[in-house]
>>> print(open('coords-v1.txt').read())   # compact mmCIF, C-alpha atoms
# COMPACT_ATOMS: atom_id res chain seq x y z
CA ASN A 555 2.25 -16.87 22.68
CA ALA A 556 1.71 -13.28 23.67
CA GLY A 557 2.69 -10.64 21.16
CA VAL A 558 4.69 -7.52 21.82
CA MET A 559 3.21 -5.84 24.87
CA GLN A 560 3.38 -2.12 25.38
CA ASN A 561 2.15 -0.21 28.37
CA PRO A 562 0.56 2.01 29.08
CA ARG A 563 -1.67 2.24 26.02
CA HIS A 564 -2.40 5.88 26.76
CA LEU A 565 -0.28 8.28 28.75
CA VAL A 566 -1.00 11.90 29.60
CA ARG A 567 1.77 14.10 30.91
CA ARG A 568 2.04 17.80 31.66
CA ARG A 569 4.81 19.79 30.05
CA GLY A 570 8.05 19.28 31.93
CA GLN A 571 7.18 15.87 33.36
CA GLU A 572 8.85 12.60 32.49
CA ALA A 573 7.26 9.90 30.35
CA ARG A 574 8.24 6.25 30.63
CA LEU A 575 7.07 3.85 27.97
CA ARG A 576 7.49 0.12 28.41
CA CYS A 577 7.84 -2.63 25.86
CA SER A 578 7.99 -6.36 26.52
CA PRO A 579 9.12 -8.17 23.37
CA MET A 580 7.69 -11.43 22.16
CA LYS A 581 9.01 -14.52 23.89
CA GLY A 582 12.35 -15.49 22.45
CA HIS A 583 12.97 -12.11 20.85
CA SER A 584 16.07 -10.23 21.92
CA HIS A 585 15.93 -7.35 19.44
CA VAL A 586 13.77 -4.31 20.09
CA TYR A 587 13.03 -1.27 17.97
CA TRP A 588 11.22 1.95 18.88
CA TYR A 589 9.34 4.05 16.35
CA ARG A 590 7.41 7.30 16.66
CA GLN A 591 4.30 8.15 14.70
CA LEU A 592 3.26 11.77 14.62
CA PRO A 593 -0.39 12.49 13.77
CA GLU A 594 -1.22 11.75 10.14
CA GLU A 595 2.31 10.57 9.40
CA GLY A 596 4.17 7.31 8.93
CA LEU A 597 6.39 5.75 11.51
CA LYS A 598 9.89 7.11 12.06
CA PHE A 599 12.67 4.93 13.43
CA MET A 600 14.16 6.02 16.73
CA VAL A 601 16.39 3.34 18.21
CA TYR A 602 17.37 -0.33 17.93
CA LEU A 603 18.49 -2.29 20.97
CA GLN A 604 19.60 -5.76 21.83
CA LYS A 605 19.75 -6.99 25.39
CA GLU A 606 21.78 -4.44 27.38
CA ASN A 607 23.09 -2.74 24.23
CA ILE A 608 22.05 0.16 22.04
CA ILE A 609 22.89 -0.84 18.49
CA ASP A 610 21.56 2.13 16.53
CA GLU A 611 20.13 5.34 17.97
CA SER A 612 20.40 7.40 14.82
CA GLY A 613 16.72 8.35 14.91
CA MET A 614 16.62 9.40 18.53
CA PRO A 615 16.63 13.09 19.44
CA LYS A 616 19.92 13.92 21.13
CA GLU A 617 18.34 15.54 24.16
CA ARG A 618 15.68 14.39 26.61
CA PHE A 619 15.21 10.95 25.00
CA SER A 620 16.86 7.74 26.17
CA ALA A 621 16.23 4.04 25.79
CA GLU A 622 17.36 0.91 27.53
CA PHE A 623 16.80 -2.81 27.28
CA PRO A 624 18.10 -4.39 30.49
CA LYS A 625 19.02 -8.00 30.94
CA GLU A 626 15.85 -8.55 32.89
CA GLY A 627 12.60 -6.76 32.26
CA PRO A 628 11.10 -4.70 29.49
CA SER A 629 12.68 -2.15 27.23
CA ILE A 630 12.06 1.41 28.42
CA LEU A 631 11.82 4.55 26.33
CA ARG A 632 12.20 7.58 28.56
CA ILE A 633 11.35 11.12 27.61
CA GLN A 634 12.40 13.76 30.10
CA GLN A 635 10.85 17.21 30.39
CA VAL A 636 8.20 16.47 27.81
CA VAL A 637 6.98 19.18 25.44
CA ARG A 638 3.81 19.37 23.36
CA GLY A 639 5.72 18.27 20.27
CA ASP A 640 6.41 14.92 21.92
CA SER A 641 2.72 14.04 21.63
CA ALA A 642 2.64 11.03 19.34
CA ALA A 643 2.11 7.30 19.19
CA TYR A 644 5.22 5.35 20.13
CA PHE A 645 5.48 1.85 18.76
CA CYS A 646 7.79 -0.89 19.84
CA ALA A 647 8.68 -3.85 17.65
CA SER A 648 10.68 -6.97 18.36
CA SER A 649 12.39 -9.59 16.26
CA GLN A 650 14.12 -12.85 16.90
CA SER A 651 17.40 -12.42 15.12
CA GLY A 652 17.87 -8.87 13.97
CA PRO A 653 16.42 -6.78 11.20
CA LYS A 654 17.98 -8.56 8.27
CA ASN A 655 16.53 -11.99 8.69
CA THR A 656 13.11 -11.77 10.18
CA GLU A 657 10.19 -9.45 10.21
CA ALA A 658 9.53 -7.31 13.23
CA PHE A 659 6.28 -7.66 15.14
CA PHE A 660 4.78 -4.48 16.48
CA GLY A 661 3.04 -3.77 19.74
CA GLN A 662 -0.19 -1.82 19.97
CA GLY A 663 1.60 1.42 20.71
CA THR A 664 1.54 3.96 23.50
CA ARG A 665 -0.25 7.18 22.76
CA LEU A 666 1.43 10.01 24.59
CA THR A 667 -0.42 13.26 25.03
CA VAL A 668 1.39 16.23 26.52
CA VAL A 669 -0.90 18.88 27.93
CA ALA B 1318 19.39 7.20 0.89
CA GLN B 1319 16.28 5.16 1.39
CA LYS B 1320 12.84 6.47 0.78
CA VAL B 1321 9.32 5.15 0.44
CA THR B 1322 6.63 7.13 -1.33
CA GLN B 1323 2.95 6.42 -1.07
CA ALA B 1324 1.49 9.06 -3.35
CA GLN B 1325 -2.13 8.30 -2.51
CA THR B 1326 -3.00 10.01 0.74
CA GLU B 1327 -6.60 8.86 0.82
CA ILE B 1328 -8.69 6.49 -1.25
CA SER B 1329 -12.41 5.91 -0.96
CA VAL B 1330 -14.17 3.00 -2.63
CA VAL B 1331 -17.50 1.29 -2.38
CA GLU B 1332 -17.68 -2.24 -1.03
CA LYS B 1333 -16.81 -4.98 -3.52
CA GLU B 1334 -14.68 -2.69 -5.65
CA ASP B 1335 -11.06 -3.61 -6.25
CA VAL B 1336 -8.48 -1.11 -5.07
CA THR B 1337 -4.73 -0.80 -5.59
CA LEU B 1338 -2.44 1.01 -3.18
CA ASP B 1339 0.77 2.28 -4.73
CA CYS B 1340 4.23 2.12 -3.18
CA VAL B 1341 7.42 3.38 -4.82
CA TYR B 1342 10.76 3.05 -3.11
CA GLU B 1343 14.34 4.25 -3.46
CA THR B 1344 17.41 2.45 -2.23
CA ARG B 1345 21.01 1.91 -3.23
CA ASP B 1346 21.13 -1.49 -1.61
CA THR B 1347 21.00 -4.52 -3.87
CA THR B 1348 19.52 -6.57 -1.04
CA TYR B 1349 16.53 -5.12 0.70
CA TYR B 1350 13.16 -6.01 2.12
CA LEU B 1351 9.76 -4.56 1.49
CA PHE B 1352 6.78 -4.69 3.83
CA TRP B 1353 3.13 -3.80 4.03
CA TYR B 1354 1.38 -3.08 7.32
CA LYS B 1355 -2.24 -2.33 8.08
CA GLN B 1356 -3.22 0.10 10.82
CA PRO B 1357 -6.95 -0.19 11.60
CA PRO B 1358 -8.80 2.51 13.55
CA SER B 1359 -7.86 0.77 16.80
CA GLY B 1360 -4.28 1.84 16.12
CA GLU B 1361 -2.20 -1.32 16.17
CA LEU B 1362 0.06 -2.30 13.30
CA VAL B 1363 -0.78 -5.55 11.57
CA PHE B 1364 1.92 -7.21 9.50
CA LEU B 1365 0.71 -8.21 6.04
CA ILE B 1366 3.72 -9.23 3.98
CA ARG B 1367 7.53 -9.19 3.76
CA ARG B 1368 9.29 -9.58 0.44
CA ASN B 1369 13.02 -9.66 -0.28
CA SER B 1370 14.55 -8.00 -3.32
CA PHE B 1371 15.47 -11.28 -5.00
CA ASP B 1372 11.96 -12.59 -5.07
CA GLU B 1373 9.93 -10.83 -7.73
CA GLN B 1374 7.14 -13.35 -7.78
CA ASN B 1375 3.78 -11.81 -7.20
CA GLU B 1376 1.97 -13.06 -4.16
CA ILE B 1377 -1.69 -13.68 -3.49
CA SER B 1378 -3.23 -14.25 -0.10
CA GLY B 1379 -6.99 -14.47 -0.23
CA ARG B 1380 -8.30 -11.11 -1.40
CA TYR B 1381 -4.87 -9.52 -1.08
CA SER B 1382 -2.23 -9.53 -3.78
CA TRP B 1383 1.10 -7.81 -4.19
CA ASN B 1384 2.90 -6.81 -7.38
CA PHE B 1385 6.65 -6.34 -6.99
CA GLN B 1386 8.28 -4.65 -9.99
CA LYS B 1387 11.98 -4.09 -9.51
CA SER B 1388 12.27 -2.29 -12.85
CA THR B 1389 9.98 0.48 -11.63
CA SER B 1390 10.90 0.18 -7.91
CA SER B 1391 7.31 -0.44 -7.00
CA PHE B 1392 5.56 -2.79 -4.61
CA ASN B 1393 1.86 -2.26 -5.09
CA PHE B 1394 -0.89 -3.82 -3.03
CA THR B 1395 -4.30 -4.77 -4.40
CA ILE B 1396 -7.40 -5.65 -2.42
CA THR B 1397 -9.99 -7.51 -4.47
CA ALA B 1398 -13.67 -7.21 -3.63
CA SER B 1399 -13.01 -4.75 -0.82
CA GLN B 1400 -14.96 -4.94 2.42
CA VAL B 1401 -15.77 -2.37 5.08
CA VAL B 1402 -13.35 -4.11 7.45
CA ASP B 1403 -10.53 -3.26 5.05
CA SER B 1404 -10.89 0.39 6.06
CA ALA B 1405 -7.56 1.34 7.59
CA VAL B 1406 -4.31 3.15 6.95
CA TYR B 1407 -1.88 1.02 5.00
CA PHE B 1408 1.86 1.53 5.25
CA CYS B 1409 4.55 0.38 2.89
CA ALA B 1410 8.04 0.05 4.38
CA LEU B 1411 11.58 -0.66 3.22
CA SER B 1412 14.57 -2.09 5.05
CA GLY B 1413 17.98 -2.13 3.40
CA TYR B 1414 20.38 -4.97 4.10
CA ASN B 1415 22.79 -2.65 5.85
CA ASN B 1416 20.15 -0.85 7.87
CA ASN B 1417 18.73 -1.56 11.26
CA ASP B 1418 15.44 0.16 10.70
CA MET B 1419 12.46 0.20 8.41
CA ARG B 1420 11.63 3.34 6.45
CA PHE B 1421 7.90 3.83 6.27
CA GLY B 1422 5.86 5.67 3.71
CA ALA B 1423 3.39 8.26 4.92
CA GLY B 1424 0.54 5.79 4.55
CA THR B 1425 -2.63 5.58 2.47
CA ARG B 1426 -5.95 5.90 4.26
CA LEU B 1427 -8.45 3.53 2.67
CA THR B 1428 -12.14 3.99 3.33
CA VAL B 1429 -14.49 1.31 2.12
CA LYS B 1430 -18.11 2.40 2.14
CA PRO B 1431 -20.99 -0.05 2.36
>>> encode(input="coords-v1.txt", output="structure tokens")
Amino acid sequence: NAGVMQNPRHLVRRRGQEARLRCSPMKGHSHVYWYRQLPEEGLKFMVYLQKENIIDESGMPKERFSAEFPKEGPSILRIQQVVRGDSAAYFCASSQSGPKNTEAFFGQGTRLTVV
Amino acid sequence: AQKVTQAQTEISVVEKEDVTLDCVYETRDTTYYLFWYKQPPSGELVFLIRRNSFDEQNEISGRYSWNFQKSTSSFNFTITASQVVDSAVYFCALSGYNNNDMRFGAGTRLTVKP
């Protein structure tokens, strides 16, 4: 039973480019969460999605960031026109039945470096 | 508002010492969940424990133990007879019943020296 899979593990982008981060949840999980970890800090919630729906995007910057979780395929976190301040580790987590009833399992993260 | 405070930024111990990592939280929810995660140097997040607000029993798992004190809003984590492999950053997190996210503390970096 594979865990939460994130790819790529490391991503380097030049300022102004687009970054696409992928997250495949654990089998049977339909709830996905994205978190950002800045260097030497804890994780900060960004967005919570169920299949085809954004449930809570209160932690997502209003501009340049978007997330989707299509019916088929992985969840995608997209960052357009990246800036140096976007350099961070981005973690995806998934759960079976929503945040209130089960713990979320985290992927290994994608480390984005903007040069 | 929900908040998690891990006052200890870094702790260094020698192997076989016991060490306690502090976690203090704030929430207005009466139902909430508390978590501990370990982040080793490789970077992934390893789930250690989840505890709901109605269960104040302390828990022991091998060398790990957790002390949940609702009266002081604390959920401390103790490693007994620490080992070098315990070296990692440890995060405490809180999820309120009406929230969709977990609020993480800033983490405590534990270094266990041989």
>>> residues_around(input="coords-v1.txt", residues="stretch 620-630 of chain A", least_positions_apart="6", cutoff="9 Å", atoms="all atoms listed in the file", output="list in words")
Arg574, Leu575, Arg576, Cys577, Ser578, Pro579, Val586, Trp588, Val601, Leu603, Gln604, Lys605, Glu606, Asn607, Ile608, Glu611, Met614 and Cys646 of chain A
>>> interface_residues(input="coords-v1.txt", of="chain B", to="chain A", cutoff="12 Å", atoms="only C-alpha atoms", output="count of residues only")
49
>>> atom_distance(input="coords-v1.txt", atom1="atom CA of A:Gln560", atom2="atom CA of A:Pro593")
19.0 Å
>>> atom_distance(input="coords-v1.txt", atom1="atom CA of B:Gly1379", atom2="atom CA of B:Val1402")
14.4 Å
>>> residues_near_point(input="coords-v1.txt", point="(8.5, 14.0, 22.3)", cutoff="10 Å", atoms="all atoms listed in the file", output="VMD selection string")
chain A and resid 573 590 592 615 618 to 619 632 to 644 666 to 668
>>> residues_around(input="coords-v1.txt", residues="B:Ala1318", least_positions_apart="6", cutoff="10 Å", atoms="only C-alpha atoms", output="list of chain:residue names")
B:Glu1343, B:Thr1344, B:Arg1345, B:Asp1346, B:Gly1413
>>> residues_around(input="coords-v1.txt", residues="stretch 1394-1396 of chain B", least_positions_apart="3", cutoff="6 Å", atoms="only C-alpha atoms", output="PyMOL selection string")
chain B and resi 1335-1338+1380-1383+1399
>>> atom_distance(input="coords-v1.txt", atom1="atom CA of B:Tyr1342", atom2="atom CA of A:Gln650")
25.8 Å
>>> closest_residue(input="coords-v1.txt", among="B:Ser1391, B:Phe1385, B:Asp1403, B:Glu1376", to="B:Glu1334", atoms="all atoms listed in the file")
B:Asp1403
>>> residues_around(input="coords-v1.txt", residues="A:His583", least_positions_apart="2", cutoff="7 Å", atoms="all atoms listed in the file", output="list in words")
Pro579, Met580, Lys581, His585, Ser648, Ser649 and Gln650 of chain A
>>> closest_residue(input="coords-v1.txt", among="B:Ala1324, B:Cys1340, B:Ile1377, B:Val1331", to="B:Val1401", atoms="only C-alpha atoms")
B:Val1331
